[in-house]
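For reference, the structure discussed in these notes is given below.
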Amino acid sequence: MTTTTHDHDHDHAHHGPAKGITRWLYTTNHKDIGTMYLWFSFAMFLLGGSFAMVIRAELFQPGLQLVQPEFFNQMTTMHGLIMVFGAVMPAFVGLANWMIPMMVGAPDMALPRMNNLSFWILPFAFAMLASTLFMDGGAPNFGWTFYAPLSTTYAPDSVTFFIFAVHIMGASSIMGAINIIATILNMRAPGMTLMKMPLFVWTWLITAYLLIAVMPVLAGVVTMMLMDIHFGTAFFNAAGGGSPVLFQHVFWFFGHPEVYIMILPAFGIVSAIIPAFARKQLFGYSSMVYATASIAFLSFIVWAHHMFTVGIPFLGEAFFMWSTMLIAVPTGVKVFNWVTTMFRGSMTFETPMLFAVCFVVLFTIGGFSGLMLAVAPADFQYHDTYFVVAHFHYVLVPGAVFSIMAAVYYWLPKWSGKMYNETLGKVHFWLSFIGVNVLFFPQHFLGLAGMPRRIPDYALQFADFNMISSMGGFLFGASQLLFLYIVVNTVVAGKPAPAKPWDGAEGLEWTVDSPAPYHTFSTPPKID
Amino acid sequence: MSSSANHEHYYVPAQSRLPIWMAFAMFLTVFGLGSMMRDMSNGATDSNAQWFFIAGFAVLAFVLYSWFSEVIRENHAGLNSPQLKQSYVWGMGWFIFSEVMFFAAFFGALFYVRNLVGPWLGGEGAKGVSNYLYPGFEFSWPLLNNPDNALFQAPEEVIHAFGLPLINTIILVISSITLTIAHHALRAEHRTQLKVWLGITILLGIAFLILQAEEYIEAYTHLGLTLESGIYGSTFFMLTGFHGAHVTIGTLMLIVQFVRALRGHFKPDDHFGFEASAWYWHFVDVVWLCLFVLVYWI
């Protein structure tokens with residue numbers, strides 16, 4: 001037994017990645033898996049983005065230009081599903097895979113084979129989901145929130161494949177989350193106490209908890225749909241004593257924590273980048289941890305604020321209105337902490353910092369419009385208008401997506417061992433920043449003026465703002481091709497990067513070489 | 001190995017074919033299932049979707065068998081440090097929590113339709129206006145009269161708590177006790193007792209499943225209580241059905257542990273396969289107690 005162990009350790013210390021394609025197919029290495037997650041996510045970002053371009057092209061002018069309403073509905077649905085489940089979530093899991101073991105001083109993720117399973121489910125699940133576009137009756141067309149009975153009684157045949165795709169991508173998320181929790185709780189280097197962990201690790205610990213709590217609820221609600229569609233149950237049919245509103249309750253019990261799943265890791269990223277470029281310690285570390293935990297707790301008791309107009313009792317409206325507004329307190333703690341971190345710092349504005357500062361400003365705008373939507377009586381006016389679209393795109397695009405881009409620019413030197421082109425990075429930032437605001441800011445006005453969401457055609461008074469919004473959309477979309485070029489160019493032809501390219505950066509990941517060796521911390525570091 | 005410190009030599013398997021095959025098998029299984037359901041609902045007679053499902057399921061079963069064998073081999077080879085074993089403990093614990101949340105969704109649905117939607121449809125409470133949809137509908141639970149009986153034929157009668165369900169409750173509670181006795185026997189290295197009490201637990205599990213099938217046959221053939229009989233049937237069969245599926249999985253897990261016990265696996269201080277199966281069994285037992293009270297009794 002001893003001999004076997006010895007040989008194994010010997011191998012382990014020296015072997016690098018396997019050769020050829022099997023390196024990626026059979027890998028158990030957290031860095032390889034993180035890389036695959038990130039590239040997969042970027043591919044989905046471009047696919048979901050191309051659907052968004054179809055939407056914005058159709059809305060460029062009033063009237064039906066390019067596509068039929070049926071196809072337009074498929075585009076809005078697939079855009080939402082692919083961006084949420086295919087682009088944003090896998091990107092954060094990819095970052096978690098790359099960074100968490102290095103940040104806590106672990107040799108790898110706790111359960112390396114299950115880690116690879118979590119990844120490889122996704123290409124199959126999204127191939128199945130995307131294939132619905134070519135099925136009889138077309139792809140799912142009921143919106144990414146798939147409300148019953150649109151998604152049951154009136155759904156196209158392909159809904160069954162959508163349901164099963166959600167099932168297996170949910171299994172992937174749950175396994176990924178279990179792995180992350182086990183890694184954080186069990187694999188920290190000696191001396192790395194919970195309150196010494198980088199905030200990215202903390203936010204992911206809490207996000208993983210949310211994932212394990214709500215992905216099964218999503219599985220439950222799509223199972224109820226499946227049974228209503230194929231086996232005659234009455235969950236969402238009042239004729240049998242069920243209720244379509246039941247769908248919305250179960251869906252949003254998953255859906256609201258889900259939106260925090262897409263933003264808490266972003267908080268962690270920004271909390272790493274701002275101190276690095278302000279050259280100051282993060283202000284209020286422990287209050288950041290407690291604020292994150294409070295947001296996670298509150299996320300379970302606010303779900304019906306998505307349903308103010310559906311006809312819930314008055315007491316429900318009041319409860320969900322106030323509980324929703326409470327979220328502004330811990331979120332405010334975070335925003336003020338970031339601002340205070342920058343206060344009197346020696347700030348420089350490299351690309352990651354530009355994206356991070358932009359995150360703080362624009363995410364806060366998205367948060368404020370969220371507060372407006374939380375006011376139940378006012379929501380009767382805003383509900384299902386472009387104001388809602390503007391709100392959640394402000395928190396998701398210059399929020400979640402910008403944080404992911406900030407993370408890529410910040411850690412790319414560590415991953416690839418090469419430095420990106422700073423000028424091109426800044427150009428990418430400014431084009432994205434201008435594009436995203438031109439794209440989404442006018443949508444606030446459209447919504448307040450009464451333009452409903454999810455329509456391919458609109459009344460003439462909305463024409464100007466829609467045209468401006470579409471032009472912003474095309475600019476934003478095109479700038480992401482520049483992002484692709486910058487990343488590929490860095491990996492292929494970038495200048496070598498030092499182990500610690502940012503002089504204000506802190507954390508264990510900067511103590512290893514750039515690029516990070518295939519195996520890091522096989523022997524745990526000592527943390528003081 | 002034993003001399004190494006807790007944090008050293010965490011075993012990271014180099015490469016493995018298992019995960020990607022498992023992902024492929026999962027895809028094939030659900031693609032087959034989805035096609036079968038689509039063809040069934042469209043009345044297609046020339047469907048060959050079941051072959052995708054069967055193939056996927058076969059690969060899935062084979063991969064799972066290989067995967068668990070591999071993990072057991074690694075443990076026997078002494079590759080698993082105490083720290084790594086702790087990862088499996090966390091993994092199983094959080095997996096069971098995810099299962100709890102899955103059942104919570106269905107219990108939540110039951111609570112919502114029973115306490116809010118039902119009375120509203122019957123004309124009571126804050127949203128009693130919905131009674132205009134089905135004038136004359138009166139709500140009662142169990143729901144022996146649906147809002148629209150032409151679309152959903154209501155059951156004549158439902159399963160009462162103090163018949164088969166009570167017997168099943170007793171069976172499952174006893175099975176949790178016998179399993180705990182087996183666990184204590186394992187810790188005390190009483191191998192024969194371990195096998196006997198574990199065997200009894202498995203038999204109790206199978207007995208539960210037979211009685212549950214009996215109950216379903218009764219519901220379908222004599223009571224008119226089916227999946228199609230409105231929300232009572234929907235919640236009843238989905239909750240008890242998913243529980244039954246979990247008992248089946250739990251029994252299979254215990255059978256695997258039984259075979260391993262026969263082959264001389266498990267040490268008093270190292271038997272997480274057994275322990276994880278036992279946790280799962282107790283979890284399934286607790287779900288049943290909730291079902292007995294909330295679905296059958298009150």
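Following the order of the structure tokens, chains are lettered A, B, ..., residues in each are numbered from 1, and ligands are numbered from 1.
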Practice problem: Would you list the contacts of Thr351 (chain A) as a VMD selection string, taking every protein, DNA or RNA residue within 8 Å and counting only C-alpha atoms, but skipping same-chain residues closer than 4 positions in sequence? | Solution: chain A and resid 355 406 409 422 425 to 426 429
Which residues of chain B sit at most 6 Å from chain A, using only C-alpha atoms? Give each one's shortest atom pair and distance in Å (one decimal place), in chain and ascending residue order, as a Markdown table.
| residue | atom | partner | partner_atom | distance |
| --- | --- | --- | --- | --- |
| B:Gln15 | CA | A:Thr27 | CA | 5.1 |
| B:Ser16 | CA | A:Tyr26 | CA | 4.9 |
| B:Arg17 | CA | A:Tyr26 | CA | 5.2 |
| B:Pro19 | CA | A:Leu117 | CA | 4.4 |
| B:Ile20 | CA | A:Trp120 | CA | 5.9 |
| B:Ala23 | CA | A:Ile121 | CA | 4.8 |
| B:Val30 | CA | A:Phe164 | CA | 6.0 |
| B:Gly34 | CA | A:Thr160 | CA | 5.6 |
| B:Ser87 | CA | A:Ala182 | CA | 5.6 |
| B:Trp90 | CA | A:Ala182 | CA | 5.7 |
| B:Gly91 | CA | A:Ile178 | CA | 5.9 |
| B:Ser98 | CA | A:Ile212 | CA | 5.4 |
| B:Met101 | CA | A:Pro216 | CA | 5.8 |
| B:Phe102 | CA | A:Pro216 | CA | 4.6 |
| B:Ala105 | CA | A:Val217 | CA | 5.3 |
| B:Ala126 | CA | A:Pro313 | CA | 5.7 |
| B:Asn146 | CA | A:Gly240 | CA | 5.4 |
| B:Pro147 | CA | A:Ala239 | CA | 5.1 |
| B:Asp148 | CA | A:Ala239 | CA | 4.8 |
| B:Phe152 | CA | A:Gly240 | CA | 5.5 |
| B:Leu227 | CA | A:Thr233 | CA | 5.5 |
| B:Glu228 | CA | A:Gly232 | CA | 4.8 |
| B:Gly230 | CA | A:Gly240 | CA | 4.2 |
| B:Ile231 | CA | A:Ala234 | CA | 5.1 |
| B:Ser234 | CA | A:Thr233 | CA | 5.1 |
Quiz prompt | Nearby residues (only C-alpha atoms) at most 12 Å from Val286 (chain B), same-chain spacing under 4 positions excluded, as a count of residues only | solution = 19
Exercise. Per DSSP on the backbone, filter region 226-288 of chain A down to the residues in helix (DSSP H, G or I) and report them as a ChimeraX atom specification.
Key: /A:226-230,238-240,244-261,264-278,285-288
Just write the chosen residues, N, CA and C atoms, as a compact mmCIF listing (two decimals), in the first residue's frame.
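Saved to again-v7.txt:
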# COMPACT_ATOMS: atom_id res chain seq x y z
N LEU A 226 -44.31 19.19 -16.74
CA LEU A 226 -44.22 17.95 -17.53
C LEU A 226 -45.44 17.08 -17.27
N MET A 227 -45.82 16.97 -15.99
CA MET A 227 -46.96 16.13 -15.64
C MET A 227 -48.26 16.74 -16.17
N ASP A 228 -48.39 18.06 -16.08
CA ASP A 228 -49.59 18.71 -16.62
C ASP A 228 -49.69 18.49 -18.14
N ILE A 229 -48.55 18.55 -18.82
CA ILE A 229 -48.58 18.44 -20.28
C ILE A 229 -48.87 17.01 -20.72
N HIS A 230 -48.19 16.04 -20.11
CA HIS A 230 -48.26 14.67 -20.65
C HIS A 230 -49.09 13.71 -19.84
N ALA A 238 -57.01 25.61 -13.12
CA ALA A 238 -58.03 25.84 -12.10
C ALA A 238 -59.22 24.91 -12.26
N ALA A 239 -59.45 24.39 -13.46
CA ALA A 239 -60.58 23.48 -13.67
C ALA A 239 -60.46 22.23 -12.81
N GLY A 240 -59.24 21.85 -12.47
CA GLY A 240 -59.04 20.69 -11.62
C GLY A 240 -58.69 21.06 -10.19
N PRO A 244 -52.86 28.61 -12.12
CA PRO A 244 -51.70 29.11 -12.85
C PRO A 244 -50.80 29.96 -11.95
N VAL A 245 -51.38 30.57 -10.93
CA VAL A 245 -50.58 31.40 -10.02
C VAL A 245 -49.63 30.52 -9.20
N LEU A 246 -50.03 29.26 -8.97
CA LEU A 246 -49.12 28.34 -8.29
C LEU A 246 -47.80 28.26 -9.04
N PHE A 247 -47.90 28.22 -10.39
CA PHE A 247 -46.66 28.19 -11.17
C PHE A 247 -45.76 29.37 -10.80
N GLN A 248 -46.38 30.55 -10.77
CA GLN A 248 -45.56 31.74 -10.53
C GLN A 248 -44.94 31.73 -9.14
N HIS A 249 -45.69 31.23 -8.15
CA HIS A 249 -45.11 31.16 -6.80
C HIS A 249 -43.90 30.23 -6.78
N VAL A 250 -44.06 29.02 -7.33
CA VAL A 250 -42.95 28.07 -7.26
C VAL A 250 -41.79 28.57 -8.11
N PHE A 251 -42.12 29.09 -9.31
CA PHE A 251 -41.05 29.58 -10.19
C PHE A 251 -40.27 30.69 -9.52
N TRP A 252 -40.96 31.66 -8.94
CA TRP A 252 -40.22 32.80 -8.37
C TRP A 252 -39.58 32.48 -7.04
N PHE A 253 -40.06 31.41 -6.37
CA PHE A 253 -39.31 30.98 -5.19
C PHE A 253 -37.92 30.52 -5.60
N PHE A 254 -37.84 29.92 -6.81
CA PHE A 254 -36.53 29.67 -7.39
C PHE A 254 -35.94 30.96 -7.97
N GLY A 255 -36.77 31.70 -8.69
CA GLY A 255 -36.28 32.78 -9.55
C GLY A 255 -35.66 33.93 -8.80
N HIS A 256 -36.20 34.25 -7.62
CA HIS A 256 -35.58 35.40 -6.98
C HIS A 256 -34.20 35.10 -6.41
N PRO A 257 -34.04 34.00 -5.65
CA PRO A 257 -32.65 33.65 -5.28
C PRO A 257 -31.75 33.50 -6.51
N GLU A 258 -32.31 33.03 -7.61
CA GLU A 258 -31.51 32.89 -8.83
C GLU A 258 -30.89 34.22 -9.26
N VAL A 259 -31.61 35.32 -9.14
CA VAL A 259 -31.00 36.58 -9.57
C VAL A 259 -29.84 36.97 -8.64
N TYR A 260 -29.91 36.55 -7.37
CA TYR A 260 -28.75 36.80 -6.51
C TYR A 260 -27.62 35.85 -6.79
N ILE A 261 -27.97 34.64 -7.28
CA ILE A 261 -26.92 33.71 -7.71
C ILE A 261 -26.10 34.38 -8.81
N LEU A 264 -24.17 37.80 -6.61
CA LEU A 264 -23.27 37.72 -5.45
C LEU A 264 -21.81 37.47 -5.85
N PRO A 265 -21.52 36.52 -6.78
CA PRO A 265 -20.12 36.36 -7.16
C PRO A 265 -19.55 37.63 -7.78
N ALA A 266 -20.41 38.41 -8.45
CA ALA A 266 -19.95 39.69 -9.01
C ALA A 266 -19.49 40.61 -7.89
N PHE A 267 -20.24 40.64 -6.78
CA PHE A 267 -19.82 41.44 -5.63
C PHE A 267 -18.42 41.00 -5.17
N GLY A 268 -18.20 39.69 -5.17
CA GLY A 268 -16.90 39.17 -4.74
C GLY A 268 -15.78 39.64 -5.66
N ILE A 269 -16.03 39.62 -6.96
CA ILE A 269 -15.01 40.04 -7.92
C ILE A 269 -14.66 41.51 -7.72
N VAL A 270 -15.71 42.33 -7.62
CA VAL A 270 -15.48 43.77 -7.48
C VAL A 270 -14.75 44.06 -6.16
N SER A 271 -15.07 43.27 -5.13
CA SER A 271 -14.40 43.46 -3.84
C SER A 271 -12.94 43.03 -3.89
N ALA A 272 -12.55 42.27 -4.90
CA ALA A 272 -11.13 41.95 -5.07
C ALA A 272 -10.43 43.03 -5.89
N ILE A 273 -11.11 43.56 -6.90
CA ILE A 273 -10.44 44.44 -7.86
C ILE A 273 -10.31 45.86 -7.32
N ILE A 274 -11.36 46.38 -6.69
CA ILE A 274 -11.28 47.78 -6.24
C ILE A 274 -10.15 48.01 -5.24
N PRO A 275 -9.98 47.16 -4.22
CA PRO A 275 -8.83 47.39 -3.31
C PRO A 275 -7.49 47.30 -4.05
N ALA A 276 -7.40 46.39 -5.05
CA ALA A 276 -6.12 46.23 -5.76
C ALA A 276 -5.73 47.51 -6.47
N PHE A 277 -6.69 48.21 -7.08
CA PHE A 277 -6.33 49.39 -7.87
C PHE A 277 -6.50 50.69 -7.09
N ALA A 278 -7.12 50.61 -5.88
CA ALA A 278 -7.13 51.78 -5.00
C ALA A 278 -5.96 51.70 -4.04
N TYR A 285 -14.54 44.68 5.69
CA TYR A 285 -14.59 43.29 5.23
C TYR A 285 -15.72 42.50 5.90
N SER A 286 -15.77 42.56 7.24
CA SER A 286 -16.76 41.69 7.90
C SER A 286 -18.18 42.16 7.61
N SER A 287 -18.38 43.46 7.45
CA SER A 287 -19.74 43.93 7.12
C SER A 287 -20.12 43.45 5.71
N MET A 288 -19.12 43.30 4.82
CA MET A 288 -19.39 42.74 3.49
C MET A 288 -19.91 41.31 3.61
Quiz prompt | Residue with smallest distance to Ala185 (chain B) - pool B:Phe162, B:Pro268, B:Phe208, B:Trp94, counting only C-alpha atoms | solution =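 When distances to Ala185 (chain B) are compared using only C-alpha atoms, the smallest one comes from B:Pro268.
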Quiz prompt | Long-range neighbours of Cys358 (chain A) as JSON, numbers by chain, 9 Å cut-off, only C-alpha atoms, 6 positions minimum in chain | solution = {"A": [398, 399, 402, 433]}
Practice problem: Quote the spacing between CA of Leu460 (chain A) and CA of His383 (chain A) in Å to one decimal place. | Solution: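 Taking CA of Leu460 (chain A) as the start and CA of His383 (chain A) as the end point, the length is 20.9 Å.
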Exercise. Considering only C-alpha atoms, return as a VMD selection string whatever protein or nucleic-acid residues lie within 12 Å of His190 (chain B), sequence-local ones (same chain, fewer than 4 positions apart) excluded.
Key: chain B and resid 181 to 186 194 to 197 261 264 266 to 268
Practice problem: For each of A:Leu412, A:Met102, A:Ile82, A:Ala139, take the minimum atom-to-atom distance to Ser151 (chain A), counting only C-alpha atoms, then give the residue where this is smallest. | Solution: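 Going through A:Leu412, A:Met102, A:Ile82, A:Ala139 one by one, the smallest distance to Ser151 (chain A) is for A:Ala139.
One distance worth recording is that between CA of Leu151 (chain B) and CA of Gln212 (chain B), which is 27.6 Å.
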